[in-house]
Each structure stands twice: as C-alpha cells, then as structure tokens.
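A short worksheet on the structure shown next.
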Amino acid sequence: MPYVKDVLEEAQKLLVAKGFTQEEAAFEARFILSFLLKKRPLDIFTVQEISPAVASRFFELIKRRGDGVPTAYLLGEAEFYGRSFKVGPGVLIPRPETEILVETALEFISPGAGVLELGVGSGCISLSLALEKRDVKVFGVEYSSRALKYALVNRERYHLENRVFFVQGNWLAPLKEKQVFSLIVSNPPYISEEEFSSLEKSVREHEPLEALLAGPKGLNFIAKTLWEASKYLLPGGYVLLEIGYRQKEDVAALAKKAGYRYDFVKDLLGYERVLVVQKLP
C-alpha cells in the first residue's frame with residue numbers, strides 16, 4: 001500500500017518539474033489528494049496509507065494538473081461563498097473576488113425583490129443570493145448552453161427550482177423591456193485584448209473565452225449593461241457589476257454618461273472591484 005508521505009513527495013516533484021513553485025506544488029498535491037480521500041487538506045496527514053487505486057487516480061490528476069488543466073475542472077467542483085458548485089470545461093471557474101459582488105448584492109436586496117443576473121455561468125451568484133435570501137426570486141440569462149447545463153445541475157443540487165429561473169440567450173435579448181427588477185447583478189466578461197496575453201496559461205487555454213474577453217478595453221459588456229439596464233430596472237433600482245482592477249476611471253465615465261448615481265466597492269487588495277449604480281427615480 002502506498003504511503004501518503006511518499007505519494008505527496010512524488011507528486012510535488014512532478015509539478016515542480018512542470019514549472020510550479022515548491023509551495024504551489026505542495027498545495028496542489030495536498031488539495032487534490034484530500035478531495036480524493038474526502039478529507040480536509042490538513043487531515044490527510046492523519047492517513048498513513050492509501051490504496052493503489054487511489055494512488056493511480058491521484059497521479060493521473062497530478063499529470064493533468066501539470067499539463068495546465070485547472071484543478072476545479074479536474075475535480076469537477078469549485079468552492080464559492082462557503083458552498084460547492086459543479087463546474088467543468090465550458091464554464092467559468094468561480095473566483096474569490098466575485099464573493100465581494102455577492103456580499104454587496106445582499107446589502108441591496110429588499111424583501112421579495114426581483115433579481116436579474118446576466119451571464120450566470122455555473123449559477124454560483126444567483127444560487128448564493130437565493131440561498132442567503134429565502135424570500136427572493138432570481139432570474140438569470142446565460143448565452144452558453146454548456147455553462148447553462150452546469151447552472152441547472154447546481155440549481156437542482158440546492159433545490160431552488162421554484163425560486164431561481166435560468167434562460168438561454170444573449171445578455172438582455174431574451175427579456176421583455178419591462179421595469180420589473182430592483183437589482184441587476186453580473187460578473188461580465190471584462191478582460192481586454194491586451195490583458196488576455198498576461199493571464200495564467202491555464203486560464204487562457206482552458207476557460208471559455210466568451211466568459212472572459214470583452215473587446216479592446218474590456219468594456220463591451222459593462223457598457224451594454226449600463227446603457228440598457230434602465231429598460232428593465234425599477235426606479236431607484238441598482239446595477240452591480242464586477243469590474244477589472246484597472247477599469248475604475250473608464251467605468252465611472254460610462255456610468256456618469258448613462259445618467260446613474262454610482263459608487264465602488266473595493267476588494268481585499270484595495271482595488272475598486274464592484275461598480276454600484278442606481279437608477280434615479
């Protein structure tokens with residue numbers, strides 16, 4: 001029976017040989033093995049031996065991770081806002097910074113409010129809002145049929161079929177121009193053509209481009225949302241958008257031109273990460 005200590009050391013060597021730092025390799029190896037053993041990462045050291053079958057599966061995943069496949073795709077799950085969501089190729093992997101968007105949205109959701117999410121991806125934002133606010137109904141639009149399948153699986157996982165409704169379509173196109181939502185929320189594509197080349201290789205080569213790229217300055221979807229949201233937003237309603245860390249000035253100009261009152265919420269690094277705009281009564 002293979003020893004946990006030995007397989008972890010071998011896995012780290014394989015990852016370091018692929019360009020990972022020693023610290024990154026150790027983290028990845030512990031995280032992947034803990035998932036297979038259904039334990040927390042630090043708890044794997046309470047296990048001395050693993051079966052040959054588990055070891056074989058572990059090294060298969062380590063090899064693919066070394067080839068650049070994102071860990072979330074390998075394991076089929078990603079953590080977001082304290083919960084697990086099914087993910088895979090074709091859907092954007094939830095990021096910790098997007099939790100700030102959820103935290104901010106929760107502050108603006110009034111009892112019984114109608115919420116719209118644009119670009120639902122895995123559904124992690126819509127479903128997190130519905131799970132945190134039990135009297136809210138959330139409507140979401142997703143262009144990608146592959147991503148929408150994951151959103152529907154996650155909706156079923158959390159038994160939210162009666163309060164969260166997803167539809168396939170191109171941004172706001174599937175919706176009637178009717179002012180019914182008190183809040184519109186989105187983590188839109190906001191990577192510029194220039195920034196794309198600087199993204200991690202695993203992101204560039206594996207995650208869906210349509211969920212990342214948004215024109216020369218990364219503003220296409222942000223601008224579209226700000227210009228069109230008022231047709232669907234109740235007077236006094238809010239639009240919350242995650243934005244890139246260098247987009248504050250451009251986004252502020254767009255919000256001002258569109259006639260909104262606006263503000264920003266910073267992330268843990270001090271960057272303006274969430275745009276908050278209000279439709280004036």
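Simple scheme: letters A, B, ... for chains in structure tokens order, numbers from 1 for residues in each chain, numbers from 1 for ligands in the order shown.
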
Close residues, Pro188 in chain A itself excluded, 9 Å, only C-alpha atoms, min 2 positions apart in chain, as a list of chain:residue names: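 Skipping anything fewer than 2 positions along the chain leaves A:Leu118, A:Gly119, A:Ser186, A:Tyr190, A:Ala211, A:Leu212, A:Ala214, A:Phe221, A:Ile222, A:Leu241, A:Glu242, A:Ile243.
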
Within 12 Å of Leu101 in chain A, counting only C-alpha atoms, which residues qualify if same-chain residues fewer than 4 places away don't, as an mmCIF file with all heavy atoms, in the first residue's frame?
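Result went into part.cif, see below:
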```cif
data_model
loop_
_atom_site.group_PDB
_atom_site.id
_atom_site.type_symbol
_atom_site.label_atom_id
_atom_site.label_comp_id
_atom_site.auth_asym_id
_atom_site.auth_seq_id
_atom_site.Cartn_x
_atom_site.Cartn_y
_atom_site.Cartn_z
ATOM 1 N N PHE A 80 -17.422 28.257 -3.527
ATOM 2 C CA PHE A 80 -17.809 29.654 -3.689
ATOM 3 C C PHE A 80 -18.792 30.030 -2.594
ATOM 4 O O PHE A 80 -19.812 29.365 -2.409
ATOM 5 C CB PHE A 80 -18.451 29.896 -5.059
ATOM 6 C CG PHE A 80 -18.816 31.337 -5.317
ATOM 7 C CD1 PHE A 80 -17.847 32.251 -5.716
ATOM 8 C CD2 PHE A 80 -20.115 31.783 -5.135
ATOM 9 C CE1 PHE A 80 -18.173 33.580 -5.928
ATOM 10 C CE2 PHE A 80 -20.456 33.108 -5.347
ATOM 11 C CZ PHE A 80 -19.474 34.012 -5.749
ATOM 12 N N TYR A 81 -18.470 31.064 -1.879
ATOM 13 C CA TYR A 81 -19.313 31.584 -0.806
ATOM 14 C C TYR A 81 -19.724 30.491 0.187
ATOM 15 O O TYR A 81 -20.870 30.419 0.626
ATOM 16 C CB TYR A 81 -20.546 32.288 -1.372
ATOM 17 C CG TYR A 81 -20.986 33.480 -0.530
ATOM 18 C CD1 TYR A 81 -20.248 34.662 -0.556
ATOM 19 C CD2 TYR A 81 -22.099 33.419 0.293
ATOM 20 C CE1 TYR A 81 -20.620 35.749 0.219
ATOM 21 C CE2 TYR A 81 -22.487 34.492 1.075
ATOM 22 C CZ TYR A 81 -21.738 35.663 1.032
ATOM 23 O OH TYR A 81 -22.105 36.752 1.812
ATOM 24 N N PRO A 94 -15.566 29.871 -10.627
ATOM 25 C CA PRO A 94 -15.812 30.957 -9.666
ATOM 26 C C PRO A 94 -14.533 31.406 -8.974
ATOM 27 O O PRO A 94 -13.683 30.586 -8.624
ATOM 28 C CB PRO A 94 -16.783 30.321 -8.660
ATOM 29 C CG PRO A 94 -17.436 29.203 -9.412
ATOM 30 C CD PRO A 94 -16.380 28.681 -10.339
ATOM 31 N N ARG A 95 -14.401 32.723 -8.788
ATOM 32 C CA ARG A 95 -13.237 33.313 -8.128
ATOM 33 C C ARG A 95 -13.626 33.925 -6.785
ATOM 34 O O ARG A 95 -14.755 34.398 -6.617
ATOM 35 C CB ARG A 95 -12.660 34.423 -8.996
ATOM 36 C CG ARG A 95 -11.517 34.044 -9.904
ATOM 37 C CD ARG A 95 -11.905 33.144 -11.007
ATOM 38 N NE ARG A 95 -10.801 33.004 -11.985
ATOM 39 C CZ ARG A 95 -10.890 32.283 -13.073
ATOM 40 N NH1 ARG A 95 -12.003 31.630 -13.359
ATOM 41 N NH2 ARG A 95 -9.861 32.187 -13.900
ATOM 42 N N PRO A 96 -12.661 33.956 -5.843
ATOM 43 C CA PRO A 96 -12.942 34.560 -4.535
ATOM 44 C C PRO A 96 -13.380 36.014 -4.620
ATOM 45 O O PRO A 96 -14.228 36.456 -3.840
ATOM 46 C CB PRO A 96 -11.600 34.425 -3.796
ATOM 47 C CG PRO A 96 -10.923 33.262 -4.441
ATOM 48 C CD PRO A 96 -11.337 33.323 -5.893
ATOM 49 N N GLU A 97 -12.806 36.783 -5.584
ATOM 50 C CA GLU A 97 -13.173 38.204 -5.662
ATOM 51 C C GLU A 97 -14.647 38.401 -6.018
ATOM 52 O O GLU A 97 -15.235 39.437 -5.697
ATOM 53 C CB GLU A 97 -12.287 38.944 -6.660
ATOM 54 C CG GLU A 97 -12.250 38.349 -8.043
ATOM 55 C CD GLU A 97 -11.064 37.421 -8.254
ATOM 56 O OE1 GLU A 97 -10.639 36.761 -7.287
ATOM 57 O OE2 GLU A 97 -10.565 37.374 -9.398
ATOM 58 N N ALA A 105 -24.328 42.623 -3.158
ATOM 59 C CA ALA A 105 -25.707 42.449 -3.627
ATOM 60 C C ALA A 105 -26.657 42.166 -2.467
ATOM 61 O O ALA A 105 -27.792 42.658 -2.447
ATOM 62 C CB ALA A 105 -25.764 41.316 -4.650
ATOM 63 N N LEU A 106 -26.203 41.377 -1.500
ATOM 64 C CA LEU A 106 -27.062 41.041 -0.357
ATOM 65 C C LEU A 106 -27.484 42.287 0.418
ATOM 66 O O LEU A 106 -28.569 42.329 1.005
ATOM 67 C CB LEU A 106 -26.341 40.060 0.566
ATOM 68 C CG LEU A 106 -26.124 38.646 -0.005
ATOM 69 C CD1 LEU A 106 -25.236 37.825 0.918
ATOM 70 C CD2 LEU A 106 -27.462 37.951 -0.219
ATOM 71 N N GLU A 107 -26.657 43.315 0.395
ATOM 72 C CA GLU A 107 -26.986 44.551 1.094
ATOM 73 C C GLU A 107 -28.080 45.343 0.379
ATOM 74 O O GLU A 107 -28.754 46.170 1.004
ATOM 75 C CB GLU A 107 -25.735 45.428 1.221
ATOM 76 C CG GLU A 107 -24.616 44.799 2.032
ATOM 77 C CD GLU A 107 -23.377 45.680 2.061
ATOM 78 O OE1 GLU A 107 -23.463 46.842 1.593
ATOM 79 O OE2 GLU A 107 -22.329 45.210 2.536
ATOM 80 N N PHE A 108 -28.243 45.087 -0.924
ATOM 81 C CA PHE A 108 -29.188 45.877 -1.715
ATOM 82 C C PHE A 108 -30.470 45.121 -2.052
ATOM 83 O O PHE A 108 -31.337 45.656 -2.732
ATOM 84 C CB PHE A 108 -28.515 46.339 -3.010
ATOM 85 C CG PHE A 108 -27.480 47.404 -2.807
ATOM 86 C CD1 PHE A 108 -26.154 47.070 -2.604
ATOM 87 C CD2 PHE A 108 -27.826 48.745 -2.800
ATOM 88 C CE1 PHE A 108 -25.190 48.034 -2.415
ATOM 89 C CE2 PHE A 108 -26.873 49.733 -2.608
ATOM 90 C CZ PHE A 108 -25.550 49.376 -2.407
ATOM 91 N N GLU A 117 -29.688 38.211 -12.960
ATOM 92 C CA GLU A 117 -28.262 38.058 -13.200
ATOM 93 C C GLU A 117 -28.010 37.860 -14.685
ATOM 94 O O GLU A 117 -28.690 37.063 -15.339
ATOM 95 C CB GLU A 117 -27.664 36.864 -12.442
ATOM 96 C CG GLU A 117 -26.154 36.800 -12.654
ATOM 97 C CD GLU A 117 -25.475 35.536 -12.158
ATOM 98 O OE1 GLU A 117 -26.167 34.629 -11.662
ATOM 99 O OE2 GLU A 117 -24.240 35.453 -12.301
ATOM 100 N N CYS A 124 -23.376 30.186 -9.656
ATOM 101 C CA CYS A 124 -22.956 30.376 -8.269
ATOM 102 C C CYS A 124 -23.457 31.688 -7.667
ATOM 103 O O CYS A 124 -23.763 31.736 -6.469
ATOM 104 C CB CYS A 124 -21.442 30.258 -8.149
ATOM 105 S SG CYS A 124 -20.494 31.527 -9.026
ATOM 106 N N ILE A 125 -23.562 32.745 -8.461
ATOM 107 C CA ILE A 125 -24.027 34.027 -7.919
ATOM 108 C C ILE A 125 -25.525 33.981 -7.642
ATOM 109 O O ILE A 125 -25.972 34.268 -6.526
ATOM 110 C CB ILE A 125 -23.690 35.180 -8.892
ATOM 111 C CG1 ILE A 125 -22.180 35.347 -9.023
ATOM 112 C CG2 ILE A 125 -24.326 36.483 -8.411
ATOM 113 C CD1 ILE A 125 -21.760 36.352 -10.078
ATOM 114 N N SER A 126 -26.295 33.627 -8.630
ATOM 115 C CA SER A 126 -27.756 33.558 -8.461
ATOM 116 C C SER A 126 -28.153 32.631 -7.327
ATOM 117 O O SER A 126 -29.006 32.959 -6.487
ATOM 118 C CB SER A 126 -28.407 33.061 -9.762
ATOM 119 O OG SER A 126 -28.401 34.042 -10.757
ATOM 120 N N SER A 128 -26.301 31.525 -4.792
ATOM 121 C CA SER A 128 -25.849 32.015 -3.487
ATOM 122 C C SER A 128 -26.796 33.087 -2.954
ATOM 123 O O SER A 128 -27.134 33.092 -1.761
ATOM 124 C CB SER A 128 -24.430 32.581 -3.592
ATOM 125 O OG SER A 128 -23.499 31.569 -3.907
ATOM 126 N N LEU A 129 -27.237 33.991 -3.842
ATOM 127 C CA LEU A 129 -28.176 35.032 -3.418
ATOM 128 C C LEU A 129 -29.490 34.423 -2.945
ATOM 129 O O LEU A 129 -30.048 34.824 -1.916
ATOM 130 C CB LEU A 129 -28.431 36.006 -4.562
ATOM 131 C CG LEU A 129 -27.242 36.868 -4.998
ATOM 132 C CD1 LEU A 129 -27.624 37.728 -6.207
ATOM 133 C CD2 LEU A 129 -26.749 37.740 -3.856
ATOM 134 N N ILE A 184 -30.041 44.311 -10.691
ATOM 135 C CA ILE A 184 -29.400 43.561 -11.773
ATOM 136 C C ILE A 184 -27.942 43.371 -11.372
ATOM 137 O O ILE A 184 -27.260 44.325 -10.994
ATOM 138 C CB ILE A 184 -29.494 44.303 -13.120
ATOM 139 C CG1 ILE A 184 -30.964 44.439 -13.544
ATOM 140 C CG2 ILE A 184 -28.706 43.561 -14.198
ATOM 141 C CD1 ILE A 184 -31.173 45.248 -14.815
ATOM 142 N N VAL A 185 -27.476 42.149 -11.436
ATOM 143 C CA VAL A 185 -26.129 41.837 -10.982
ATOM 144 C C VAL A 185 -25.408 41.008 -12.042
ATOM 145 O O VAL A 185 -26.031 40.222 -12.752
ATOM 146 C CB VAL A 185 -26.185 41.076 -9.630
ATOM 147 C CG1 VAL A 185 -26.902 39.744 -9.783
ATOM 148 C CG2 VAL A 185 -24.795 40.863 -9.064
ATOM 149 N N SER A 186 -24.098 41.221 -12.172
ATOM 150 C CA SER A 186 -23.350 40.461 -13.174
ATOM 151 C C SER A 186 -21.853 40.494 -12.892
ATOM 152 O O SER A 186 -21.318 41.502 -12.426
ATOM 153 C CB SER A 186 -23.604 41.023 -14.583
ATOM 154 O OG SER A 186 -22.873 40.282 -15.546
ATOM 155 N N ASN A 187 -21.225 39.377 -13.171
ATOM 156 C CA ASN A 187 -19.768 39.315 -13.311
ATOM 157 C C ASN A 187 -19.529 39.143 -14.805
ATOM 158 O O ASN A 187 -19.360 38.030 -15.300
ATOM 159 C CB ASN A 187 -19.192 38.138 -12.526
ATOM 160 C CG ASN A 187 -17.707 37.949 -12.786
ATOM 161 O OD1 ASN A 187 -17.015 38.869 -13.218
ATOM 162 N ND2 ASN A 187 -17.213 36.740 -12.543
ATOM 163 N N PRO A 188 -19.531 40.251 -15.543
ATOM 164 C CA PRO A 188 -19.496 40.154 -17.006
ATOM 165 C C PRO A 188 -18.080 39.870 -17.501
ATOM 166 O O PRO A 188 -17.101 40.030 -16.756
ATOM 167 C CB PRO A 188 -19.927 41.560 -17.433
ATOM 168 C CG PRO A 188 -19.367 42.439 -16.354
ATOM 169 C CD PRO A 188 -19.506 41.657 -15.088
ATOM 170 N N VAL A 239 -27.773 48.465 -10.202
ATOM 171 C CA VAL A 239 -26.988 47.547 -11.033
ATOM 172 C C VAL A 239 -25.641 47.365 -10.349
ATOM 173 O O VAL A 239 -24.973 48.353 -10.010
ATOM 174 C CB VAL A 239 -26.776 48.097 -12.457
ATOM 175 C CG1 VAL A 239 -25.913 47.121 -13.278
ATOM 176 C CG2 VAL A 239 -28.111 48.324 -13.157
ATOM 177 N N LEU A 240 -25.243 46.125 -10.147
ATOM 178 C CA LEU A 240 -23.955 45.807 -9.544
ATOM 179 C C LEU A 240 -23.141 44.985 -10.531
ATOM 180 O O LEU A 240 -23.593 43.935 -11.000
ATOM 181 C CB LEU A 240 -24.139 45.005 -8.254
ATOM 182 C CG LEU A 240 -24.351 45.780 -6.946
ATOM 183 C CD1 LEU A 240 -25.569 46.680 -7.020
ATOM 184 C CD2 LEU A 240 -24.478 44.820 -5.777
ATOM 185 N N LEU A 241 -21.938 45.464 -10.847
ATOM 186 C CA LEU A 241 -21.090 44.798 -11.821
ATOM 187 C C LEU A 241 -19.688 44.601 -11.270
ATOM 188 O O LEU A 241 -19.079 45.542 -10.751
ATOM 189 C CB LEU A 241 -20.994 45.622 -13.112
ATOM 190 C CG LEU A 241 -22.297 45.943 -13.854
ATOM 191 C CD1 LEU A 241 -22.000 46.860 -15.032
ATOM 192 C CD2 LEU A 241 -22.977 44.677 -14.322
ATOM 193 N N GLU A 242 -19.172 43.394 -11.392
ATOM 194 C CA GLU A 242 -17.752 43.190 -11.097
ATOM 195 C C GLU A 242 -16.950 43.777 -12.245
ATOM 196 O O GLU A 242 -17.327 43.639 -13.416
ATOM 197 C CB GLU A 242 -17.430 41.700 -10.949
ATOM 198 C CG GLU A 242 -15.971 41.439 -10.610
ATOM 199 C CD GLU A 242 -15.665 39.980 -10.337
ATOM 200 O OE1 GLU A 242 -16.532 39.267 -9.792
ATOM 201 O OE2 GLU A 242 -14.550 39.552 -10.672
ATOM 202 N N ILE A 243 -15.848 44.443 -11.913
ATOM 203 C CA ILE A 243 -15.027 45.083 -12.945
ATOM 204 C C ILE A 243 -13.556 44.726 -12.737
ATOM 205 O O ILE A 243 -13.163 44.233 -11.674
ATOM 206 C CB ILE A 243 -15.189 46.623 -12.941
ATOM 207 C CG1 ILE A 243 -14.644 47.224 -11.634
ATOM 208 C CG2 ILE A 243 -16.655 47.004 -13.147
ATOM 209 C CD1 ILE A 243 -14.584 48.741 -11.622
ATOM 210 N N PHE A 264 -18.201 52.674 -5.827
ATOM 211 C CA PHE A 264 -17.412 51.452 -5.990
ATOM 212 C C PHE A 264 -17.200 50.770 -4.647
ATOM 213 O O PHE A 264 -17.163 51.421 -3.602
ATOM 214 C CB PHE A 264 -16.040 51.762 -6.606
ATOM 215 C CG PHE A 264 -16.096 52.274 -8.014
ATOM 216 C CD1 PHE A 264 -16.120 53.642 -8.265
ATOM 217 C CD2 PHE A 264 -16.125 51.399 -9.093
ATOM 218 C CE1 PHE A 264 -16.173 54.123 -9.559
ATOM 219 C CE2 PHE A 264 -16.183 51.871 -10.390
ATOM 220 C CZ PHE A 264 -16.203 53.231 -10.627
ATOM 221 N N VAL A 265 -17.050 49.456 -4.706
ATOM 222 C CA VAL A 265 -16.690 48.662 -3.529
ATOM 223 C C VAL A 265 -15.335 48.039 -3.792
ATOM 224 O O VAL A 265 -15.123 47.433 -4.852
ATOM 225 C CB VAL A 265 -17.740 47.559 -3.245
ATOM 226 C CG1 VAL A 265 -17.298 46.693 -2.058
ATOM 227 C CG2 VAL A 265 -19.106 48.179 -2.978
ATOM 228 N N LYS A 266 -14.423 48.189 -2.838
ATOM 229 C CA LYS A 266 -13.065 47.691 -3.021
ATOM 230 C C LYS A 266 -12.929 46.223 -2.611
ATOM 231 O O LYS A 266 -13.668 45.737 -1.755
ATOM 232 C CB LYS A 266 -12.081 48.537 -2.208
ATOM 233 C CG LYS A 266 -11.964 49.977 -2.692
ATOM 234 C CD LYS A 266 -10.936 50.746 -1.884
ATOM 235 C CE LYS A 266 -10.797 52.177 -2.404
ATOM 236 N NZ LYS A 266 -9.776 52.942 -1.650
ATOM 237 N N ASP A 267 -11.954 45.555 -3.242
ATOM 238 C CA ASP A 267 -11.647 44.184 -2.840
ATOM 239 C C ASP A 267 -10.615 44.213 -1.714
ATOM 240 O O ASP A 267 -10.224 45.281 -1.220
ATOM 241 C CB ASP A 267 -11.170 43.346 -4.032
ATOM 242 C CG ASP A 267 -9.888 43.870 -4.657
ATOM 243 O OD1 ASP A 267 -9.154 44.646 -4.006
ATOM 244 O OD2 ASP A 267 -9.605 43.497 -5.817
ATOM 245 N N GLU A 272 -10.847 48.878 -6.725
ATOM 246 C CA GLU A 272 -12.289 49.019 -6.936
ATOM 247 C C GLU A 272 -12.755 47.818 -7.758
ATOM 248 O O GLU A 272 -12.419 47.683 -8.927
ATOM 249 C CB GLU A 272 -12.605 50.322 -7.672
ATOM 250 C CG GLU A 272 -12.556 51.561 -6.821
ATOM 251 C CD GLU A 272 -11.149 52.042 -6.480
ATOM 252 O OE1 GLU A 272 -10.179 51.505 -7.063
ATOM 253 O OE2 GLU A 272 -11.011 52.945 -5.648
ATOM 254 N N ARG A 273 -13.514 46.938 -7.133
ATOM 255 C CA ARG A 273 -13.853 45.655 -7.752
ATOM 256 C C ARG A 273 -15.313 45.566 -8.182
ATOM 257 O O ARG A 273 -15.652 44.866 -9.132
ATOM 258 C CB ARG A 273 -13.538 44.522 -6.770
ATOM 259 C CG ARG A 273 -13.845 43.123 -7.273
ATOM 260 C CD ARG A 273 -13.056 42.781 -8.514
ATOM 261 N NE ARG A 273 -11.612 42.783 -8.270
ATOM 262 C CZ ARG A 273 -10.711 42.491 -9.204
ATOM 263 N NH1 ARG A 273 -11.102 42.210 -10.435
ATOM 264 N NH2 ARG A 273 -9.425 42.510 -8.919
ATOM 265 N N VAL A 274 -16.198 46.276 -7.477
ATOM 266 C CA VAL A 274 -17.622 46.215 -7.805
ATOM 267 C C VAL A 274 -18.154 47.618 -8.049
ATOM 268 O O VAL A 274 -17.983 48.518 -7.214
ATOM 269 C CB VAL A 274 -18.436 45.550 -6.669
ATOM 270 C CG1 VAL A 274 -19.934 45.612 -6.970
ATOM 271 C CG2 VAL A 274 -18.003 44.098 -6.474
ATOM 272 N N LEU A 275 -18.768 47.803 -9.201
ATOM 273 C CA LEU A 275 -19.449 49.048 -9.523
ATOM 274 C C LEU A 275 -20.891 48.966 -9.011
ATOM 275 O O LEU A 275 -21.594 47.978 -9.266
ATOM 276 C CB LEU A 275 -19.460 49.288 -11.029
ATOM 277 C CG LEU A 275 -20.369 50.419 -11.520
ATOM 278 C CD1 LEU A 275 -19.795 51.776 -11.134
ATOM 279 C CD2 LEU A 275 -20.561 50.334 -13.031
ATOM 280 N N VAL A 276 -21.324 49.982 -8.281
ATOM 281 C CA VAL A 276 -22.695 50.066 -7.805
ATOM 282 C C VAL A 276 -23.324 51.299 -8.410
ATOM 283 O O VAL A 276 -22.875 52.427 -8.163
ATOM 284 C CB VAL A 276 -22.745 50.174 -6.260
ATOM 285 C CG1 VAL A 276 -24.193 50.277 -5.788
ATOM 286 C CG2 VAL A 276 -22.048 48.979 -5.616
#
```

Residues flagged alpha helix (DSSP H) by DSSP in range 104-271 of chain A, as an MDAnalysis selection string: chainID A and resid 104:108 124:132 145:157 193:196 201:206 220:228 248:257

Strand (DSSP E or B) residues, from DSSP on the backbone, in range 108-162 of chain A, as a list in words: Gly114, Val115, Leu116, Glu117, Leu118, Lys137, Val138, Phe139, Gly140, Val141 and Glu142 of chain A

Ser230 in chain A environment, 12 Å, only C-alpha atoms, sequence neighbours closer than 2 positions dropped, as a PyMOL selection string: chain A and resi 172+177-184+224-228+232-239+255+258-260+277-281

Best match for closeness to Leu269 in chain A among A:Ile100, A:Ile109, A:Ala130, A:Leu175, counting only C-alpha atoms: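 Ranking A:Ile100, A:Ile109, A:Ala130, A:Leu175 by distance to Leu269 in chain A, first place goes to A:Ile100.
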
Separation of CA of His159 in chain A from CA of Phe85 in chain A in Å: 13.1 Å

Nearest-residue call for Leu33 in chain A, choices A:Gly19, A:Val138, A:Arg57, A:Gln48, using only C-alpha atoms: A:Arg57

Contacts of range 141-155 of chain A within 10 Å, only C-alpha atoms, excl. fewer than 4 positions in-chain, as JSON, numbers by chain: {"A": [84, 85, 86, 87, 88, 89, 90, 91, 92, 116, 117, 118, 119, 120, 121, 122, 123, 124, 126, 127, 159, 160, 161, 162, 163, 164, 165, 166, 167, 168, 169, 170, 171, 172, 173, 174, 175, 208, 210, 211]}

Among listed residues A:Asp67, A:Glu60, A:Glu77, A:Glu49, nearest Phe20 in chain A (using only C-alpha atoms):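 Of all the options, A:Asp67 lies closest to Phe20 in chain A.
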
Residue among A:Ala53, A:Val115, A:Gly270, A:Glu24 lying closest to Leu37 in chain A, counting only C-alpha atoms: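 Using only C-alpha atoms, Leu37 in chain A sits closest to A:Ala53.
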
Coordinates-based distance that separates CA of Glu99 in chain A from CA of Glu195 in chain A (Å, one decimal):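 A separation of 22.3 Å between them.
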